[in-house]
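Data block for model_35.pdb (PDB, C-alpha atoms, pLDDT in the B column):
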```pdb
ATOM      1  CA  MET S 287     -27.626  -6.280  -4.533  1.00 70.00           C
ATOM      2  CA  ASN S 288     -25.949  -6.431  -1.138  1.00 86.00           C
ATOM      3  CA  HIS S 289     -22.283  -5.807  -1.684  1.00 88.00           C
ATOM      4  CA  ARG S 290     -19.615  -7.152   0.644  1.00 91.00           C
ATOM      5  CA  HIS S 291     -16.414  -5.479   1.755  1.00 91.00           C
ATOM      6  CA  PHE S 292     -13.249  -6.792   3.391  1.00 94.00           C
ATOM      7  CA  LEU S 293     -10.042  -5.453   4.851  1.00 94.00           C
ATOM      8  CA  ILE S 294      -6.976  -7.607   4.312  1.00 94.00           C
ATOM      9  CA  TYR S 295      -3.290  -7.502   5.098  1.00 94.00           C
ATOM     10  CA  LYS S 296      -1.610  -8.221   1.783  1.00 94.00           C
ATOM     11  CA  PRO S 297       1.711  -9.872   2.487  1.00 93.00           C
ATOM     12  CA  TYR S 298       5.016  -9.272   0.761  1.00 93.00           C
ATOM     13  CA  LYS S 299       5.391 -11.128  -2.562  1.00 93.00           C
ATOM     14  CA  MET S 300       1.665 -11.428  -3.301  1.00 91.00           C
ATOM     15  CA  LEU S 301      -0.078  -9.843  -6.306  1.00 91.00           C
ATOM     16  CA  SER S 302      -3.090  -7.572  -5.706  1.00 90.00           C
ATOM     17  CA  GLN S 303      -5.299  -9.708  -7.941  1.00 88.00           C
ATOM     18  CA  PHE S 304      -7.196 -12.971  -7.745  1.00 88.00           C
ATOM     19  CA  SER S 305      -5.913 -14.758 -10.839  1.00 82.00           C
ATOM     20  CA  THR S 306      -4.078 -14.199 -14.092  1.00 76.00           C
ATOM     21  CA  ASN S 307      -3.980 -15.351 -17.687  1.00 76.00           C
ATOM     22  CA  ASP S 308      -0.292 -14.431 -17.887  1.00 75.00           C
ATOM     23  CA  ARG S 309       1.702 -17.660 -18.064  1.00 75.00           C
ATOM     24  CA  HIS S 310       4.716 -15.828 -16.604  1.00 71.00           C
ATOM     25  CA  GLN S 311       2.758 -15.240 -13.381  1.00 74.00           C
ATOM     26  CA  LYS S 312       1.409 -18.762 -12.884  1.00 74.00           C
ATOM     27  CA  ASN S 313       3.732 -19.414  -9.914  1.00 82.00           C
ATOM     28  CA  LYS S 314       2.904 -16.135  -8.169  1.00 88.00           C
ATOM     29  CA  LYS S 315       0.772 -15.803  -5.027  1.00 90.00           C
ATOM     30  CA  PHE S 316      -2.734 -14.339  -5.408  1.00 91.00           C
ATOM     31  CA  LEU S 317      -5.343 -12.827  -3.068  1.00 92.00           C
ATOM     32  CA  ARG S 318      -7.599 -15.887  -3.400  1.00 91.00           C
ATOM     33  CA  GLU S 319      -5.094 -17.759  -1.197  1.00 90.00           C
ATOM     34  CA  LEU S 320      -6.015 -15.583   1.806  1.00 92.00           C
ATOM     35  CA  HIS S 321      -9.773 -16.253   2.020  1.00 92.00           C
ATOM     36  CA  ASP S 322     -12.829 -17.638   0.235  1.00 93.00           C
ATOM     37  CA  PHE S 323     -13.934 -14.268  -1.163  1.00 94.00           C
ATOM     38  CA  PRO S 324     -17.322 -13.918  -2.903  1.00 93.00           C
ATOM     39  CA  LYS S 325     -17.609 -14.084  -6.660  1.00 90.00           C
ATOM     40  CA  ASP S 326     -16.845 -10.790  -8.440  1.00 90.00           C
ATOM     41  CA  SER S 327     -14.573  -9.574  -5.635  1.00 92.00           C
ATOM     42  CA  MET S 328     -11.939  -7.019  -6.614  1.00 91.00           C
ATOM     43  CA  ALA S 329      -9.143  -5.128  -4.938  1.00 91.00           C
ATOM     44  CA  VAL S 330      -9.810  -1.444  -4.259  1.00 89.00           C
ATOM     45  CA  GLY S 331      -6.561  -0.071  -5.611  1.00 82.00           C
ATOM     46  CA  ARG S 332      -3.382  -2.088  -5.571  1.00 87.00           C
ATOM     47  CA  LEU S 333      -0.181  -2.665  -3.733  1.00 92.00           C
ATOM     48  CA  ASP S 334       2.737  -3.810  -5.833  1.00 92.00           C
ATOM     49  CA  GLU S 335       4.072  -7.316  -5.295  1.00 93.00           C
ATOM     50  CA  THR S 336       6.920  -6.242  -3.024  1.00 94.00           C
ATOM     51  CA  SER S 337       4.766  -3.932  -0.884  1.00 95.00           C
ATOM     52  CA  GLU S 338       2.550  -5.098   1.939  1.00 95.00           C
ATOM     53  CA  GLY S 339      -0.243  -3.808   4.090  1.00 95.00           C
ATOM     54  CA  LEU S 340      -3.849  -2.738   4.183  1.00 95.00           C
ATOM     55  CA  LEU S 341      -5.956  -3.456   1.104  1.00 94.00           C
ATOM     56  CA  MET S 342      -9.720  -3.350   0.655  1.00 93.00           C
ATOM     57  CA  ILE S 343     -11.634  -6.011  -1.237  1.00 93.00           C
ATOM     58  CA  THR S 344     -15.164  -5.293  -2.462  1.00 92.00           C
ATOM     59  CA  THR S 345     -17.852  -6.662  -4.738  1.00 92.00           C
ATOM     60  CA  ASP S 346     -18.908  -3.065  -5.564  1.00 88.00           C
ATOM     61  CA  GLY S 347     -17.072  -1.907  -8.691  1.00 83.00           C
ATOM     62  CA  GLN S 348     -18.575   1.581  -8.518  1.00 83.00           C
ATOM     63  CA  PHE S 349     -17.236   2.074  -4.994  1.00 79.00           C
ATOM     64  CA  SER S 350     -13.822   0.815  -6.068  1.00 77.00           C
ATOM     65  CA  ASN S 351     -13.776   3.335  -8.916  1.00 77.00           C
ATOM     66  CA  VAL S 352     -14.717   6.244  -6.644  1.00 74.00           C
ATOM     67  CA  VAL S 353     -11.962   5.424  -4.129  1.00 76.00           C
ATOM     68  CA  ASN S 354      -9.350   5.038  -6.850  1.00 73.00           C
ATOM     69  CA  LYS S 355     -10.231   7.863  -9.221  1.00 71.00           C
ATOM     70  CA  LYS S 356     -11.716  10.733  -7.239  1.00 65.00           C
ATOM     71  CA  GLY S 357      -8.673  11.549  -5.102  1.00 73.00           C
ATOM     72  CA  LYS S 358     -10.712  12.024  -1.929  1.00 80.00           C
ATOM     73  CA  VAL S 359      -9.569   9.054   0.148  1.00 88.00           C
ATOM     74  CA  GLU S 360      -6.271   9.260   2.009  1.00 91.00           C
ATOM     75  CA  LYS S 361      -3.876   6.330   1.964  1.00 94.00           C
ATOM     76  CA  GLU S 362      -1.055   6.310   4.516  1.00 96.00           C
ATOM     77  CA  TYR S 363       2.153   4.349   4.073  1.00 97.00           C
ATOM     78  CA  TYR S 364       5.097   3.603   6.335  1.00 98.00           C
ATOM     79  CA  ALA S 365       8.355   3.340   4.438  1.00 97.00           C
ATOM     80  CA  GLN S 366      11.672   2.135   5.781  1.00 96.00           C
ATOM     81  CA  VAL S 367      14.318   3.983   3.799  1.00 97.00           C
ATOM     82  CA  ASP S 368      18.038   3.600   3.249  1.00 95.00           C
ATOM     83  CA  GLY S 369      19.720   6.337   5.296  1.00 95.00           C
ATOM     84  CA  ILE S 370      18.464   8.893   7.781  1.00 96.00           C
ATOM     85  CA  MET S 371      15.670  10.854   6.138  1.00 97.00           C
ATOM     86  CA  THR S 372      16.125  14.623   6.375  1.00 97.00           C
ATOM     87  CA  PRO S 373      13.582  17.397   6.958  1.00 97.00           C
ATOM     88  CA  GLU S 374      14.638  18.903   3.610  1.00 97.00           C
ATOM     89  CA  ALA S 375      13.757  15.685   1.780  1.00 98.00           C
ATOM     90  CA  ILE S 376      10.401  15.504   3.580  1.00 98.00           C
ATOM     91  CA  GLU S 377       9.632  19.093   2.544  1.00 97.00           C
ATOM     92  CA  LYS S 378      10.375  18.291  -1.104  1.00 97.00           C
ATOM     93  CA  MET S 379       8.027  15.283  -1.030  1.00 97.00           C
ATOM     94  CA  CYS S 380       5.260  17.280   0.663  1.00 97.00           C
ATOM     95  CA  SER S 381       5.475  20.077  -1.915  1.00 97.00           C
ATOM     96  CA  GLY S 382       5.280  17.746  -4.912  1.00 95.00           C
ATOM     97  CA  ILE S 383       8.164  16.142  -6.738  1.00 96.00           C
ATOM     98  CA  GLU S 384       8.752  14.932 -10.279  1.00 96.00           C
ATOM     99  CA  ILE S 385       8.786  11.173 -10.751  1.00 96.00           C
ATOM    100  CA  SER S 386       8.661   8.985 -13.839  1.00 95.00           C
ATOM    101  CA  ILE S 387       5.372   7.203 -14.545  1.00 91.00           C
ATOM    102  CA  HIS S 388       5.459   4.822 -17.509  1.00 91.00           C
ATOM    103  CA  GLY S 389       8.268   6.814 -19.140  1.00 91.00           C
ATOM    104  CA  SER S 390       6.736  10.286 -18.686  1.00 94.00           C
ATOM    105  CA  MET S 391       7.553  12.808 -15.980  1.00 95.00           C
ATOM    106  CA  TYR S 392       4.775  13.441 -13.466  1.00 95.00           C
ATOM    107  CA  LEU S 393       4.569  16.083 -10.720  1.00 96.00           C
ATOM    108  CA  THR S 394       3.040  14.520  -7.623  1.00 95.00           C
ATOM    109  CA  GLN S 395       0.299  16.314  -5.751  1.00 93.00           C
ATOM    110  CA  GLN S 396       1.050  17.891  -2.401  1.00 95.00           C
ATOM    111  CA  CYS S 397       0.994  15.285   0.340  1.00 95.00           C
ATOM    112  CA  GLN S 398       1.653  14.820   4.027  1.00 97.00           C
ATOM    113  CA  ALA S 399       4.895  13.234   5.179  1.00 98.00           C
ATOM    114  CA  PHE S 400       6.927  13.111   8.361  1.00 98.00           C
ATOM    115  CA  ILE S 401       9.762  11.171   9.944  1.00 97.00           C
ATOM    116  CA  LEU S 402       8.638   8.480  12.397  1.00 97.00           C
ATOM    117  CA  GLU S 403      10.471   8.855  15.702  1.00 94.00           C
ATOM    118  CA  GLU S 404      10.192   5.134  16.480  1.00 91.00           C
ATOM    119  CA  PHE S 405      10.177   2.060  14.268  1.00 88.00           C
ATOM    120  CA  PRO S 406       6.531   1.100  13.702  1.00 92.00           C
ATOM    121  CA  ILE S 407       5.055  -2.184  14.850  1.00 87.00           C
ATOM    122  CA  LEU S 408       4.128  -4.153  11.737  1.00 89.00           C
ATOM    123  CA  PRO S 409       3.347  -7.833  11.169  1.00 85.00           C
ATOM    124  CA  GLU S 410       6.278 -10.141  10.570  1.00 84.00           C
ATOM    125  CA  THR S 411       7.382 -10.179   6.957  1.00 83.00           C
ATOM    126  CA  LEU S 412       9.062 -12.759   4.758  1.00 79.00           C
ATOM    127  CA  GLN S 413      11.012  -9.917   3.170  1.00 84.00           C
ATOM    128  CA  ARG S 414      14.674  -9.865   4.043  1.00 84.00           C
ATOM    129  CA  VAL S 415      15.512  -6.299   4.969  1.00 84.00           C
ATOM    130  CA  ARG S 416      19.149  -5.532   5.617  1.00 78.00           C
ATOM    131  CA  ASP S 417      19.987  -4.446   9.130  1.00 75.00           C
ATOM    132  CA  ASP S 418      21.810  -1.345  10.313  1.00 73.00           C
ATOM    133  CA  ARG S 419      25.198  -3.101  10.192  1.00 77.00           C
ATOM    134  CA  HIS S 420      25.113  -2.195   6.487  1.00 81.00           C
ATOM    135  CA  GLY S 421      24.269   1.453   7.126  1.00 86.00           C
ATOM    136  CA  PRO S 422      21.490   3.269   8.981  1.00 93.00           C
ATOM    137  CA  SER S 423      17.851   3.278   7.967  1.00 94.00           C
ATOM    138  CA  SER S 424      14.869   5.332   9.075  1.00 96.00           C
ATOM    139  CA  TRP S 425      11.071   5.243   8.800  1.00 97.00           C
ATOM    140  CA  VAL S 426       8.746   7.832   7.309  1.00 98.00           C
ATOM    141  CA  SER S 427       4.988   8.227   7.033  1.00 98.00           C
ATOM    142  CA  VAL S 428       3.637   9.351   3.647  1.00 98.00           C
ATOM    143  CA  THR S 429      -0.068  10.112   3.123  1.00 97.00           C
ATOM    144  CA  LEU S 430      -1.418  10.471  -0.415  1.00 94.00           C
ATOM    145  CA  LYS S 431      -4.790  11.042  -2.042  1.00 91.00           C
ATOM    146  CA  GLU S 432      -3.492   9.752  -5.363  1.00 89.00           C
ATOM    147  CA  GLY S 433      -1.875   6.450  -6.174  1.00 84.00           C
ATOM    148  CA  LYS S 434       0.410   6.333  -9.166  1.00 88.00           C
ATOM    149  CA  PHE S 435       2.434   3.210  -9.958  1.00 88.00           C
ATOM    150  CA  ARG S 436       5.034   2.650  -7.199  1.00 93.00           C
ATOM    151  CA  GLN S 437       4.581   6.284  -6.200  1.00 95.00           C
ATOM    152  CA  VAL S 438       5.901   6.230  -2.632  1.00 97.00           C
ATOM    153  CA  ARG S 439       8.970   4.271  -3.689  1.00 97.00           C
ATOM    154  CA  LYS S 440       9.656   6.696  -6.519  1.00 97.00           C
ATOM    155  CA  MET S 441       9.124   9.767  -4.349  1.00 97.00           C
ATOM    156  CA  CYS S 442      11.540   8.541  -1.690  1.00 98.00           C
ATOM    157  CA  ALA S 443      14.127   7.569  -4.301  1.00 97.00           C
ATOM    158  CA  ALA S 444      13.771  10.982  -5.982  1.00 97.00           C
ATOM    159  CA  VAL S 445      14.899  12.702  -2.760  1.00 97.00           C
ATOM    160  CA  GLY S 446      17.793  10.269  -2.286  1.00 97.00           C
ATOM    161  CA  PHE S 447      16.319   7.692   0.105  1.00 97.00           C
ATOM    162  CA  PRO S 448      15.499   4.357  -1.580  1.00 96.00           C
ATOM    163  CA  VAL S 449      12.774   2.286   0.106  1.00 97.00           C
ATOM    164  CA  LEU S 450      13.769  -0.941   1.856  1.00 96.00           C
ATOM    165  CA  ARG S 451      10.303  -1.940   3.114  1.00 96.00           C
ATOM    166  CA  LEU S 452       6.891  -0.417   2.361  1.00 97.00           C
ATOM    167  CA  ALA S 453       3.566  -1.017   4.123  1.00 96.00           C
ATOM    168  CA  ARG S 454       0.195   0.710   3.710  1.00 96.00           C
ATOM    169  CA  VAL S 455      -1.213   1.275   7.190  1.00 96.00           C
ATOM    170  CA  ARG S 456      -4.387   3.287   6.533  1.00 94.00           C
ATOM    171  CA  ILE S 457      -7.111   3.729   3.901  1.00 92.00           C
ATOM    172  CA  GLY S 458      -9.482   6.550   4.834  1.00 89.00           C
ATOM    173  CA  SER S 459     -10.595   5.877   8.390  1.00 90.00           C
ATOM    174  CA  PHE S 460      -9.594   2.192   8.343  1.00 91.00           C
ATOM    175  CA  THR S 461      -6.235   1.238   9.848  1.00 92.00           C
ATOM    176  CA  LEU S 462      -4.256  -1.912  10.499  1.00 89.00           C
ATOM    177  CA  ARG S 463      -5.774  -1.940  14.003  1.00 87.00           C
ATOM    178  CA  ASP S 464      -9.135  -2.793  12.393  1.00 87.00           C
ATOM    179  CA  LEU S 465      -7.680  -6.172  11.410  1.00 88.00           C
ATOM    180  CA  GLU S 466      -7.169  -7.192  15.055  1.00 77.00           C
ATOM    181  CA  GLU S 467      -4.105  -9.275  14.124  1.00 76.00           C
ATOM    182  CA  LYS S 468      -6.088 -11.200  11.496  1.00 83.00           C
ATOM    183  CA  THR S 469      -5.295 -11.353   7.794  1.00 88.00           C
ATOM    184  CA  VAL S 470      -8.895 -10.859   6.571  1.00 93.00           C
ATOM    185  CA  VAL S 471     -11.834  -9.089   8.262  1.00 93.00           C
ATOM    186  CA  GLU S 472     -15.257  -8.513   6.726  1.00 92.00           C
ATOM    187  CA  ILE S 473     -16.532  -4.996   7.384  1.00 88.00           C
ATOM    188  CA  THR S 474     -20.079  -3.684   7.301  1.00 83.00           C
ATOM    189  CA  SER S 475     -19.310  -0.086   6.357  1.00 72.00           C
ATOM    190  CA  ARG S 476     -17.477   1.511   3.484  1.00 68.00           C
ATOM    191  CA  ILE S 477     -15.160   4.504   3.481  1.00 68.00           C
ATOM    192  CA  PRO S 478     -17.131   7.734   3.109  1.00 61.00           C
ATOM    193  CA  THR S 479     -16.208   9.180  -0.295  1.00 58.00           C
ATOM    194  CA  ASP S 480     -18.348  12.339  -0.356  1.00 53.00           C
TER     195      ASP S 480
END
```
Go ahead and express the file in the form of C-alpha cells.
Amino acid sequence: MNHRHFLIYKPYKMLSQFSTNDRHQKNKKFLRELHDFPKDSMAVGRLDETSEGLLMITTDGQFSNVVNKKGKVEKEYYAQVDGIMTPEAIEKMCSGIEISIHGSMYLTQQCQAFILEEFPILPETLQRVRDDRHGPSSWVSVTLKEGKFRQVRKMCAAVGFPVLRLARVRIGSFTLRDLEEKTVVEITSRIPTD
C-alpha cells in the first residue's frame, strides 16, 4: 500500500483528531475541516486544542507509532511566556523537571531550551494574547524527544513562567517553512526514524 503523508498548520482551538463520538465535543473544530484527507488518515502525535503549529498527518499507523513512542524524533516548540524567562529557569528545564501527568509526578527527560532574542514570526492566530501593557512576556524555544500531555506548558509553569501562546515549529527535519504559507502540504518523504 502506498501511504500518504501531510504537513499541516493546526490552528488554535482545533482538536488534533478528525471526528469524535463525544457529544460534548460536537461543536469543536476538527482536522477534517482543513483538507480532504484520505481515508484512514491519523495525526502523528497531537497538539492540545489551545496549542497551534506543525502537525503531521499520515495513513501509515506503524510510522505514527514509531515517531510517537521511540523517542528519536525531535519536536521544537516556541512558547510565549508570562514574564522574562531567566537562564536559571532554562537550565532547570534542560536538566529535567518534575511535572504532574494524570495525577502522578513525572521527571522529564533532558531537553534543549533557550531564550529567543527576537519574537518569532508565526501565522496570525485567533487567540487573544495579552500585550505587554499587562506585564512583560518573552519567547523560548523548547526541543523535546518525548511528548507528555501538555508537557511544554507544564514545564514552563513549573519554573514560574506560565505559557501565553504555544506553537510547534519543527518535527524532525520538517519546519514551518516547509508549509510555504499554506495550511496543508502533501509530502513525499517521511521523517527518518532510525
Inset, instruction - Could you please give me, as a PyMOL selection string, the residues of protein, DNA or RNA lying at most 9 Å from (-13.8, -6.2, 6.2) in the coordinate frame of the file, considering all atoms listed in the file? - result: chain S and resi 290-294+342-344+464-465+470-476
Considering only C-alpha atoms, give me a table of residues in segment 406-443 of chain S that are at most 9 Å from segment 325-337 of chain S, with the closest atom pair and distance in Å for each, as a Markdown table.
```
| residue | atom | partner | partner_atom | distance |
| --- | --- | --- | --- | --- |
| S:Gln413 | CA | S:Thr336 | CA | 8.3 |
| S:Gly433 | CA | S:Gly331 | CA | 8.0 |
| S:Phe435 | CA | S:Asp334 | CA | 8.1 |
| S:Arg436 | CA | S:Asp334 | CA | 7.0 |
```
Inset, instruction - Name every residue that the PyMOL selection byres ((chain S and resi 398) around 9) selects in this structure, writing the answer as a PyMOL selection string with chains first and numbers rising. - result: chain S and resi 362+376+379-381+396-397+399-400+427-430
Legend entry - Matched chain/residue IDs from the PyMOL selection byres ((chain S and resi 298) around 12), as a ChimeraX atom specification: /S:295-297,299-302,314-317,333-340,409-415,451-454
Inset, instruction - Have a look at atom CA of Glu384 of chain S and atom CA of Gly446 of chain S and let me know their distance in Å, one decimal. - result: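 Calculated distance between atom CA of Glu384 of chain S and atom CA of Gly446 of chain S is 12.9 Å.
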Inset, instruction - Around the point (4.4, 6.7, -8.0), in the coordinates given by the file, pick out the residues reaching within 9 Å, counting all atoms listed in the file, and return them as JSON, numbers by chain. - result: {"S": [385, 386, 387, 392, 394, 432, 433, 434, 435, 436, 437, 438, 439, 440, 441]}
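One finds atom CA of Leu341 of chain S at 25.2 Å from atom CA of Glu403 of chain S.
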Legend entry - Selected residue, from S:Phe349, S:Phe323, S:Phe304, S:Tyr364, that lies nearest to Cys442 of chain S when counting all atoms listed in the file: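 Going through S:Phe349, S:Phe323, S:Phe304, S:Tyr364 one by one, the smallest distance to Cys442 of chain S is for S:Tyr364.
The nearest approach to Gly421 of chain S among the residues S:Gly382, S:Gly369, S:Pro324, S:Gly357, with all atoms listed in the file taken into account, belongs to S:Gly369.
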Legend entry - One-decimal distance in Å that lies between atom CA of Asp417 of chain S and atom CA of Thr469 of chain S: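 Separation of atom CA of Thr469 of chain S and atom CA of Asp417 of chain S: 26.2 Å.
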Inset, instruction - Check the smallest atom-to-atom distance from each of S:Arg463, S:Leu408, S:Ile370, S:Asp418 to Val445 of chain S using all atoms listed in the file, then report the winner. - result: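 Smallest separation from Val445 of chain S among the options: S:Ile370.
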Padding 8 Å on each side, edges along x, y and z: where is the centre of the box around the listed atoms of segment 365-374 of chain S, and how long are its edges in Å to one decimal? Output it as AutoDock Vina command-line options.
```
--center_x 14.0 --center_y 10.5 --center_z 5.5 --size_x 27.4 --size_y 32.8 --size_z 20.5
```
Inset, instruction - Considering all atoms listed in the file, state which residue in the set S:Ser390, S:Glu319, S:Lys468, S:Val455 is at the smallest distance from Ala365 of chain S. - result: S:Val455
Legend entry - Using all atoms listed in the file: which of S:Thr372, S:Ser350, S:Ser459, S:Ser423 has the shortest distance to Ile401 of chain S: S:Thr372
